[in-house]
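Source file: final.cif. Holds: mmCIF, C-alpha atoms.
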data_input
loop_
_atom_site.group_PDB
_atom_site.id
_atom_site.type_symbol
_atom_site.label_atom_id
_atom_site.label_comp_id
_atom_site.auth_asym_id
_atom_site.auth_seq_id
_atom_site.Cartn_x
_atom_site.Cartn_y
_atom_site.Cartn_z
ATOM 1 C CA MET A 20 0.000 0.000 0.000
ATOM 2 C CA MET A 21 1.395 3.373 -0.979
ATOM 3 C CA LEU A 22 1.124 5.983 1.772
ATOM 4 C CA ALA A 23 1.099 9.711 1.073
ATOM 5 C CA LEU A 24 3.705 11.649 3.045
ATOM 6 C CA PRO A 25 3.038 15.290 2.152
ATOM 7 C CA LEU A 26 3.766 17.243 5.293
ATOM 8 C CA GLY A 27 7.270 16.376 6.493
ATOM 9 C CA LEU A 28 8.814 15.922 3.083
ATOM 10 C CA ALA A 29 7.114 18.879 1.399
ATOM 11 C CA ALA A 30 8.841 21.159 3.877
ATOM 12 C CA LEU A 31 12.254 20.212 2.530
ATOM 13 C CA THR A 32 13.960 22.869 0.433
ATOM 14 C CA LEU A 33 13.783 22.167 -3.291
ATOM 15 C CA PRO A 34 17.016 23.007 -5.116
ATOM 16 C CA ALA A 35 16.834 24.713 -8.508
ATOM 17 C CA ALA A 36 17.415 21.488 -10.441
ATOM 18 C CA ALA A 37 16.271 17.938 -9.831
ATOM 19 C CA ALA A 38 18.945 15.552 -8.606
ATOM 20 C CA GLU A 39 19.368 11.801 -8.222
ATOM 21 C CA VAL A 40 19.843 10.263 -4.788
ATOM 22 C CA VAL A 41 21.476 6.823 -4.930
ATOM 23 C CA VAL A 42 20.755 4.648 -1.898
ATOM 24 C CA PHE A 43 22.303 1.297 -1.033
ATOM 25 C CA ALA A 44 19.935 -0.437 1.393
ATOM 26 C CA ALA A 45 19.521 -3.789 3.098
ATOM 27 C CA ALA A 46 17.057 -6.007 1.226
ATOM 28 C CA SER A 47 14.691 -6.118 4.202
ATOM 29 C CA MET A 48 14.092 -2.370 3.799
ATOM 30 C CA LYS A 49 12.457 -2.658 0.382
ATOM 31 C CA THR A 50 8.728 -2.448 1.083
ATOM 32 C CA ALA A 51 8.918 0.478 3.489
ATOM 33 C CA LEU A 52 11.791 2.337 1.833
ATOM 34 C CA ASP A 53 10.151 2.194 -1.597
ATOM 35 C CA THR A 54 7.150 3.961 -0.086
ATOM 36 C CA VAL A 55 9.257 6.646 1.592
ATOM 37 C CA ALA A 56 11.287 7.198 -1.592
ATOM 38 C CA ALA A 57 8.173 7.516 -3.762
ATOM 39 C CA ALA A 58 6.783 10.206 -1.483
ATOM 40 C CA TYR A 59 10.092 12.085 -1.480
ATOM 41 C CA GLN A 60 10.215 11.986 -5.260
ATOM 42 C CA ALA A 61 6.640 13.232 -5.554
ATOM 43 C CA ASP A 62 7.228 16.094 -3.119
ATOM 44 C CA THR A 63 10.629 17.264 -4.365
ATOM 45 C CA GLY A 64 10.994 16.259 -7.998
ATOM 46 C CA HIS A 65 14.246 14.459 -7.227
ATOM 47 C CA THR A 66 14.853 10.854 -8.242
ATOM 48 C CA VAL A 67 15.703 8.201 -5.659
ATOM 49 C CA THR A 68 17.452 5.131 -7.053
ATOM 50 C CA ILE A 69 17.740 2.280 -4.557
ATOM 51 C CA SER A 70 19.943 -0.795 -4.812
ATOM 52 C CA TYR A 71 18.814 -3.580 -2.474
ATOM 53 C CA ALA A 72 21.046 -6.478 -1.453
ATOM 54 C CA GLY A 73 22.630 -8.064 1.591
ATOM 55 C CA SER A 74 24.428 -5.515 3.769
ATOM 56 C CA ALA A 75 27.773 -7.287 3.356
ATOM 57 C CA GLN A 76 27.574 -7.140 -0.433
ATOM 58 C CA LEU A 77 26.604 -3.469 -0.393
ATOM 59 C CA ALA A 78 29.345 -2.541 2.075
ATOM 60 C CA LYS A 79 31.967 -4.210 -0.086
ATOM 61 C CA GLN A 80 30.686 -2.397 -3.170
ATOM 62 C CA ILE A 81 30.861 0.949 -1.367
ATOM 63 C CA LEU A 82 34.407 0.277 -0.221
ATOM 64 C CA ASP A 83 35.289 -0.678 -3.795
ATOM 65 C CA GLY A 84 34.137 2.768 -4.943
ATOM 66 C CA ALA A 85 30.529 2.247 -5.993
ATOM 67 C CA PRO A 86 28.881 5.677 -6.426
ATOM 68 C CA ALA A 87 26.276 5.607 -3.655
ATOM 69 C CA ASP A 88 25.069 8.579 -1.614
ATOM 70 C CA ILE A 89 23.413 6.895 1.372
ATOM 71 C CA PHE A 90 23.888 3.492 3.009
ATOM 72 C CA VAL A 91 21.264 1.780 5.174
ATOM 73 C CA SER A 92 22.689 -1.379 6.706
ATOM 74 C CA ALA A 93 20.925 -4.147 8.618
ATOM 75 C CA SER A 94 24.130 -4.592 10.597
ATOM 76 C CA VAL A 95 26.130 -2.297 12.837
ATOM 77 C CA GLU A 96 29.263 -4.260 11.961
ATOM 78 C CA TRP A 97 28.966 -3.667 8.208
ATOM 79 C CA MET A 98 28.374 0.033 8.748
ATOM 80 C CA ASP A 99 31.473 -0.008 10.971
ATOM 81 C CA GLU A 100 33.445 -1.467 8.057
ATOM 82 C CA VAL A 101 32.268 1.286 5.725
ATOM 83 C CA GLU A 102 32.965 4.001 8.288
ATOM 84 C CA GLN A 103 36.421 2.650 9.110
ATOM 85 C CA GLY A 104 37.133 2.589 5.384
ATOM 86 C CA GLY A 105 36.601 6.346 5.244
ATOM 87 C CA ALA A 106 33.413 6.207 3.182
ATOM 88 C CA VAL A 107 31.047 7.835 5.731
ATOM 89 C CA VAL A 108 30.614 11.582 6.112
ATOM 90 C CA PRO A 109 31.542 12.304 9.770
ATOM 91 C CA GLY A 110 28.621 13.149 12.007
ATOM 92 C CA THR A 111 25.919 11.739 9.711
ATOM 93 C CA ARG A 112 25.713 8.171 10.997
ATOM 94 C CA ARG A 113 22.785 7.295 13.245
ATOM 95 C CA ASP A 114 20.757 4.262 14.282
ATOM 96 C CA LEU A 115 17.532 4.414 12.293
ATOM 97 C CA LEU A 116 15.488 1.271 12.968
ATOM 98 C CA GLY A 117 15.230 -1.975 14.869
ATOM 99 C CA ASN A 118 13.671 -5.318 13.922
ATOM 100 C CA ARG A 119 12.752 -8.770 15.219
ATOM 101 C CA LEU A 120 13.682 -12.265 14.024
ATOM 102 C CA VAL A 121 10.924 -14.771 13.279
ATOM 103 C CA LEU A 122 10.301 -18.233 11.888
ATOM 104 C CA VAL A 123 7.888 -18.287 8.942
ATOM 105 C CA ALA A 124 6.050 -21.068 7.158
ATOM 106 C CA ALA A 125 4.141 -21.217 3.898
ATOM 107 C CA GLY A 126 0.363 -20.906 4.066
ATOM 108 C CA PRO A 127 -2.106 -19.798 6.743
ATOM 109 C CA ALA A 128 -2.605 -23.243 8.304
ATOM 110 C CA ALA A 129 0.908 -23.805 9.671
ATOM 111 C CA PRO A 130 0.760 -24.385 13.451
ATOM 112 C CA PRO A 131 2.758 -22.312 15.958
ATOM 113 C CA VAL A 132 6.284 -23.417 16.862
ATOM 114 C CA ALA A 133 7.801 -22.946 20.311
ATOM 115 C CA LEU A 134 11.383 -21.872 19.676
ATOM 116 C CA ASP A 135 13.328 -23.171 22.645
ATOM 117 C CA ARG A 136 15.950 -25.784 23.481
ATOM 118 C CA ASP A 137 13.399 -28.579 23.077
ATOM 119 C CA THR A 138 12.452 -27.672 19.500
ATOM 120 C CA ASP A 139 13.068 -30.593 17.129
ATOM 121 C CA LEU A 140 13.859 -28.744 13.906
ATOM 122 C CA PRO A 141 14.700 -31.830 11.801
ATOM 123 C CA ALA A 142 11.339 -33.347 12.674
ATOM 124 C CA LEU A 143 9.611 -30.035 11.941
ATOM 125 C CA LEU A 144 11.294 -29.752 8.546
ATOM 126 C CA ALA A 145 10.419 -33.349 7.671
ATOM 127 C CA GLY A 146 13.162 -33.555 5.043
ATOM 128 C CA GLY A 147 12.576 -30.039 3.736
ATOM 129 C CA LYS A 148 14.860 -27.031 3.912
ATOM 130 C CA LEU A 149 15.170 -24.137 6.349
ATOM 131 C CA ALA A 150 15.621 -20.995 4.242
ATOM 132 C CA MET A 151 18.110 -18.458 5.595
ATOM 133 C CA ALA A 152 20.239 -15.617 4.295
ATOM 134 C CA LEU A 153 23.973 -16.374 4.148
ATOM 135 C CA VAL A 154 24.857 -17.216 7.726
ATOM 136 C CA ASP A 155 28.459 -15.981 7.645
ATOM 137 C CA SER A 156 27.983 -12.586 5.995
ATOM 138 C CA VAL A 157 24.365 -11.413 5.647
ATOM 139 C CA PRO A 158 22.930 -9.939 8.876
ATOM 140 C CA ALA A 159 19.645 -11.874 8.842
ATOM 141 C CA GLY A 160 21.577 -15.108 8.418
ATOM 142 C CA GLN A 161 24.091 -14.136 11.096
ATOM 143 C CA TYR A 162 21.320 -13.278 13.563
ATOM 144 C CA GLY A 163 19.497 -16.505 12.692
ATOM 145 C CA LYS A 164 22.565 -18.684 13.183
ATOM 146 C CA ALA A 165 23.307 -16.921 16.483
ATOM 147 C CA ALA A 166 19.756 -17.503 17.718
ATOM 148 C CA LEU A 167 19.819 -21.200 16.796
ATOM 149 C CA THR A 168 23.255 -21.567 18.384
ATOM 150 C CA THR A 169 22.094 -19.924 21.608
ATOM 151 C CA LEU A 170 19.175 -22.359 21.756
ATOM 152 C CA GLY A 171 21.446 -25.328 21.047
ATOM 153 C CA LEU A 172 19.662 -26.035 17.753
ATOM 154 C CA TRP A 173 22.253 -25.059 15.148
ATOM 155 C CA ASP A 174 24.120 -28.380 14.856
ATOM 156 C CA ALA A 175 20.897 -30.264 14.195
ATOM 157 C CA ALA A 176 19.548 -27.607 11.827
ATOM 158 C CA GLU A 177 22.681 -26.920 9.770
ATOM 159 C CA PRO A 178 22.360 -29.890 7.371
ATOM 160 C CA PHE A 179 18.876 -28.664 6.393
ATOM 161 C CA VAL A 180 19.713 -24.981 5.879
ATOM 162 C CA ALA A 181 19.312 -23.529 2.374
ATOM 163 C CA GLN A 182 21.428 -20.357 2.270
ATOM 164 C CA VAL A 183 20.612 -17.566 -0.187
ATOM 165 C CA ASP A 184 22.039 -14.134 -0.949
ATOM 166 C CA ASN A 185 19.678 -12.022 1.175
ATOM 167 C CA VAL A 186 16.705 -12.208 3.491
ATOM 168 C CA ARG A 187 14.129 -11.431 0.792
ATOM 169 C CA ALA A 188 15.426 -14.376 -1.210
ATOM 170 C CA ALA A 189 14.955 -16.576 1.868
ATOM 171 C CA LEU A 190 11.426 -15.214 2.237
ATOM 172 C CA ALA A 191 10.715 -16.037 -1.417
ATOM 173 C CA LEU A 192 11.767 -19.670 -0.936
ATOM 174 C CA VAL A 193 9.102 -20.056 1.735
ATOM 175 C CA ALA A 194 6.459 -18.023 -0.086
ATOM 176 C CA THR A 195 6.777 -20.203 -3.188
ATOM 177 C CA GLY A 196 6.785 -23.440 -1.201
ATOM 178 C CA GLU A 197 10.359 -24.379 -2.090
ATOM 179 C CA ALA A 198 11.211 -24.438 1.634
ATOM 180 C CA PRO A 199 8.647 -25.246 4.339
ATOM 181 C CA TYR A 200 10.214 -22.850 6.851
ATOM 182 C CA GLY A 201 12.527 -19.863 6.890
ATOM 183 C CA ILE A 202 14.137 -17.409 9.285
ATOM 184 C CA VAL A 203 13.517 -13.791 8.333
ATOM 185 C CA TYR A 204 12.778 -10.437 9.918
ATOM 186 C CA ALA A 205 9.281 -9.682 11.201
ATOM 187 C CA THR A 206 9.032 -6.870 8.655
ATOM 188 C CA ASP A 207 9.702 -9.280 5.787
ATOM 189 C CA ALA A 208 6.933 -11.553 7.000
ATOM 190 C CA ALA A 209 4.575 -8.575 7.147
ATOM 191 C CA ALA A 210 5.336 -7.772 3.510
ATOM 192 C CA GLU A 211 4.539 -11.254 2.185
ATOM 193 C CA PRO A 212 0.930 -12.504 2.500
ATOM 194 C CA ARG A 213 1.867 -16.043 1.435
ATOM 195 C CA VAL A 214 3.782 -16.751 4.657
ATOM 196 C CA ARG A 215 2.737 -17.036 8.279
ATOM 197 C CA VAL A 216 4.795 -16.224 11.366
ATOM 198 C CA VAL A 217 4.825 -19.400 13.431
ATOM 199 C CA GLY A 218 7.457 -18.454 16.006
ATOM 200 C CA SER A 219 9.539 -15.556 17.293
ATOM 201 C CA PHE A 220 13.095 -15.724 18.576
ATOM 202 C CA ALA A 221 13.649 -14.161 21.981
ATOM 203 C CA ALA A 222 15.652 -10.938 21.786
ATOM 204 C CA ASP A 223 18.342 -12.356 24.067
ATOM 205 C CA THR A 224 19.182 -15.179 21.628
ATOM 206 C CA HIS A 225 21.039 -12.818 19.274
ATOM 207 C CA ASP A 226 22.567 -9.359 19.116
ATOM 208 C CA PRO A 227 20.139 -6.434 18.800
ATOM 209 C CA ILE A 228 18.935 -5.991 15.213
ATOM 210 C CA THR A 229 19.847 -2.403 14.412
ATOM 211 C CA TYR A 230 19.784 -0.541 11.097
ATOM 212 C CA PRO A 231 22.306 2.312 10.990
ATOM 213 C CA VAL A 232 22.156 4.887 8.183
ATOM 214 C CA ALA A 233 24.782 7.361 7.000
ATOM 215 C CA LEU A 234 25.606 9.821 4.255
ATOM 216 C CA LEU A 235 28.499 8.609 2.123
ATOM 217 C CA ALA A 236 31.561 10.560 1.091
ATOM 218 C CA SER A 237 30.618 10.302 -2.578
ATOM 219 C CA ALA A 238 27.384 12.275 -1.999
ATOM 220 C CA GLN A 239 27.436 15.552 -3.931
ATOM 221 C CA ASP A 240 23.986 17.157 -3.909
ATOM 222 C CA PRO A 241 21.916 18.841 -1.181
ATOM 223 C CA ALA A 242 19.173 16.390 -2.148
ATOM 224 C CA ASP A 243 21.271 13.550 -0.710
ATOM 225 C CA ARG A 244 21.356 15.062 2.751
ATOM 226 C CA ALA A 245 17.715 16.089 2.443
ATOM 227 C CA PHE A 246 16.688 12.494 1.787
ATOM 228 C CA LEU A 247 18.812 11.330 4.706
ATOM 229 C CA ASP A 248 16.892 13.779 6.899
ATOM 230 C CA ALA A 249 13.591 12.612 5.402
ATOM 231 C CA LEU A 250 14.315 9.071 6.587
ATOM 232 C CA SER A 251 13.997 10.299 10.182
ATOM 233 C CA ALA A 252 11.041 12.629 9.626
ATOM 234 C CA PRO A 253 7.642 11.799 11.198
ATOM 235 C CA PRO A 254 5.998 10.686 7.910
ATOM 236 C CA ALA A 255 8.784 8.175 7.291
ATOM 237 C CA ASP A 256 8.598 7.058 10.918
ATOM 238 C CA ALA A 257 4.928 6.231 10.352
ATOM 239 C CA VAL A 258 5.711 4.131 7.283
ATOM 240 C CA PHE A 259 8.477 2.215 9.041
ATOM 241 C CA ALA A 260 6.341 1.600 12.114
ATOM 242 C CA ALA A 261 3.419 0.382 9.981
ATOM 243 C CA GLN A 262 5.765 -2.151 8.362
ATOM 244 C CA GLY A 263 6.780 -3.442 11.806
ATOM 245 C CA PHE A 264 10.126 -1.717 12.324
ATOM 246 C CA ALA A 265 11.022 -0.197 15.682
ATOM 247 C CA VAL A 266 11.794 3.480 15.072
ATOM 248 C CA LEU A 267 14.935 4.464 16.979
ATOM 249 C CA LYS A 268 15.440 8.033 18.176
#

Encoding of this model in structure tokens:
Amino acid sequence: MMLALPLGLAALTLPAAAAEVVVFAAASMKTALDTVAAAYQADTGHTVTISYAGSAQLAKQILDGAPADIFVSASVEWMDEVEQGGAVVPGTRRDLLGNRLVLVAAGPAAPPVALDRDTDLPALLAGGKLAMALVDSVPAGQYGKAALTTLGLWDAAEPFVAQVDNVRAALALVATGEAPYGIVYATDAAAEPRVRVVGSFAADTHDPITYPVALLASAQDPADRAFLDALSAPPADAVFAAQGFAVLK
């Protein structure tokens, strides 16, 4: 659903000429960030071009010189890498959003799953796969592996894990029935009507899920900083909250 965001974004100063804002963003941001970007474009006349992928892939591209203006990471560590590499404009980094980690299944009839040390994941999967983002580099996969490890379930689950490039790809495997279960963010589950949340991982089973955002050194136009500011404006907050993100201030 497209939400109109006229008030906060319309107040932004419109430069004399339209500009392009290039954003590199974690794949889990897509549904909400597309809505925020569309409103910004409508209100300002600027173009927002967004590249979605796993945070690790995006961070490496930025450090290799990719011409991006803003980075939204699903991982504090990958933003640290970009900042330590000198690619972040000092003073512009801030924590934007939080999220939760959930277990999803295909279809509305899937029963709830208690995610604790007694969970028998192999029996639950019944020979099928557990869809996850890459567990060694993509934040959603890293959080998922950490949660399963904390619960003592990783060793039993690992042989059944189907790893894919990003969390939206993991979500798609479940939505299309290629995997009976997957570990994704709560916001991803909210964006996909073909899956059902059947369990939630306790917050203390993994590091906090935090999305930092920053202006990048390659940014040239006032529109870049204006869009960065728009991401923390009340209309954008409302979009993020409606998608299930925790808005951090």

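With all atoms listed in the file as the atoms that count, the residue of A:Val154, A:Pro241, A:Pro227, A:Ala85 with the shortest distance to Ala37 in chain A is A:Pro241.
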
> Which of these, A:Leu235, A:Ala189, A:Ile89, A:Val123, has the shortest distance to Pro212 in chain A once you count only C-alpha atoms?
Replying inline: A:Val123

Which residues of range 125-190 of chain A come within 12 Å of range 47-62 of chain A, and for each one, what is the closest pair of atoms and their distance in Å to one decimal, counting only C-alpha atoms, sorted by chain and residue number, as a tab-separated table?
residue	atom	partner	partner_atom	distance
A:Ala152	CA	A:Ser47	CA	11.0
A:Val157	CA	A:Ser47	CA	11.1
A:Pro158	CA	A:Ser47	CA	10.2
A:Ala159	CA	A:Ser47	CA	8.9
A:Asn185	CA	A:Ser47	CA	8.3
A:Val186	CA	A:Ser47	CA	6.5
A:Arg187	CA	A:Ser47	CA	6.3
A:Ala188	CA	A:Ser47	CA	9.9
A:Ala189	CA	A:Ser47	CA	10.7
A:Leu190	CA	A:Ser47	CA	9.9

Residues as selected, C-alpha atoms, written as an mmCIF file, in the frame of the given file, can you do that?
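Saved file out_32.cif follows:
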data_model
loop_
_atom_site.group_PDB
_atom_site.id
_atom_site.type_symbol
_atom_site.label_atom_id
_atom_site.label_comp_id
_atom_site.auth_asym_id
_atom_site.auth_seq_id
_atom_site.Cartn_x
_atom_site.Cartn_y
_atom_site.Cartn_z
ATOM 1 C CA ALA A 152 20.239 -15.617 4.295
ATOM 2 C CA VAL A 157 24.365 -11.413 5.647
ATOM 3 C CA PRO A 158 22.930 -9.939 8.876
ATOM 4 C CA ALA A 159 19.645 -11.874 8.842
ATOM 5 C CA ASN A 185 19.678 -12.022 1.175
ATOM 6 C CA VAL A 186 16.705 -12.208 3.491
ATOM 7 C CA ARG A 187 14.129 -11.431 0.792
ATOM 8 C CA ALA A 188 15.426 -14.376 -1.210
ATOM 9 C CA ALA A 189 14.955 -16.576 1.868
ATOM 10 C CA LEU A 190 11.426 -15.214 2.237
#

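Counting all atoms listed in the file, the residue from A:Ala129, A:Ala265, A:Leu172, A:Ala78 that sits nearest to Val216 in chain A is A:Ala129.
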
Excluding range 138-143 of chain A and residues on its chain fewer than 6 positions from it, collect all residues at most 10 Å away from it, counting only C-alpha atoms, and give them as a short mmCIF file (atom, residue, chain, number, x, y, z; two decimals) with C-alpha atoms, in the coordinates of the input.
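The new file result.cif reads:
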data_model
loop_
_atom_site.label_atom_id
_atom_site.label_comp_id
_atom_site.auth_asym_id
_atom_site.auth_seq_id
_atom_site.Cartn_x
_atom_site.Cartn_y
_atom_site.Cartn_z
CA VAL A 132 6.28 -23.42 16.86
CA LEU A 149 15.17 -24.14 6.35
CA LEU A 170 19.18 -22.36 21.76
CA GLY A 171 21.45 -25.33 21.05
CA LEU A 172 19.66 -26.04 17.75
CA TRP A 173 22.25 -25.06 15.15
CA ALA A 175 20.90 -30.26 14.20
CA ALA A 176 19.55 -27.61 11.83
CA GLU A 177 22.68 -26.92 9.77
CA PRO A 178 22.36 -29.89 7.37
CA PHE A 179 18.88 -28.66 6.39
CA PRO A 199 8.65 -25.25 4.34
CA TYR A 200 10.21 -22.85 6.85
#

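Using only C-alpha atoms for every distance, the candidate list A:Gln239, A:Arg213, A:Ala72, A:Ala208 yields A:Ala72 as the residue closest to Leu153 in chain A.
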
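For the pair CA of Arg113 in chain A and CA of Thr206 in chain A, the interatomic distance is 20.3 Å.
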
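Of the residues under consideration (A:Ala236, A:Val214, A:Leu77, A:Ala36), A:Leu77 shows the shortest atom-to-atom contact distance to Asp184 in chain A when counting all atoms listed in the file.
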
> Quick one: which residues end up in the PyMOL selection byres ((chain A and resi 93-109) around 7) for this structure, as a PyMOL selection string?
Replying inline: chain A and resi 45+74-75+78+82+91-92+110-111+158+229-231+233-236

>> Can you tell me which residues surround His225 in chain A at a distance of at most 6 Å, considering only C-alpha atoms, apart from same-chain residues fewer than 4 positions away, and format the answer as a PyMOL selection string?
In response: chain A and resi 162+165-166

Would you save the residues of that selection, restricted to C-alpha atoms, as an mmCIF file, keeping the file's coordinate frame?
data_model
loop_
_atom_site.group_PDB
_atom_site.id
_atom_site.type_symbol
_atom_site.label_atom_id
_atom_site.label_comp_id
_atom_site.auth_asym_id
_atom_site.auth_seq_id
_atom_site.Cartn_x
_atom_site.Cartn_y
_atom_site.Cartn_z
ATOM 1 C CA TYR A 162 21.320 -13.278 13.563
ATOM 2 C CA ALA A 165 23.307 -16.921 16.483
ATOM 3 C CA ALA A 166 19.756 -17.503 17.718
#

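Closest approach to Ala260 in chain A among A:Ala124, A:Ala209, A:Gly147, A:Arg136: A:Ala209, based on all atoms listed in the file.
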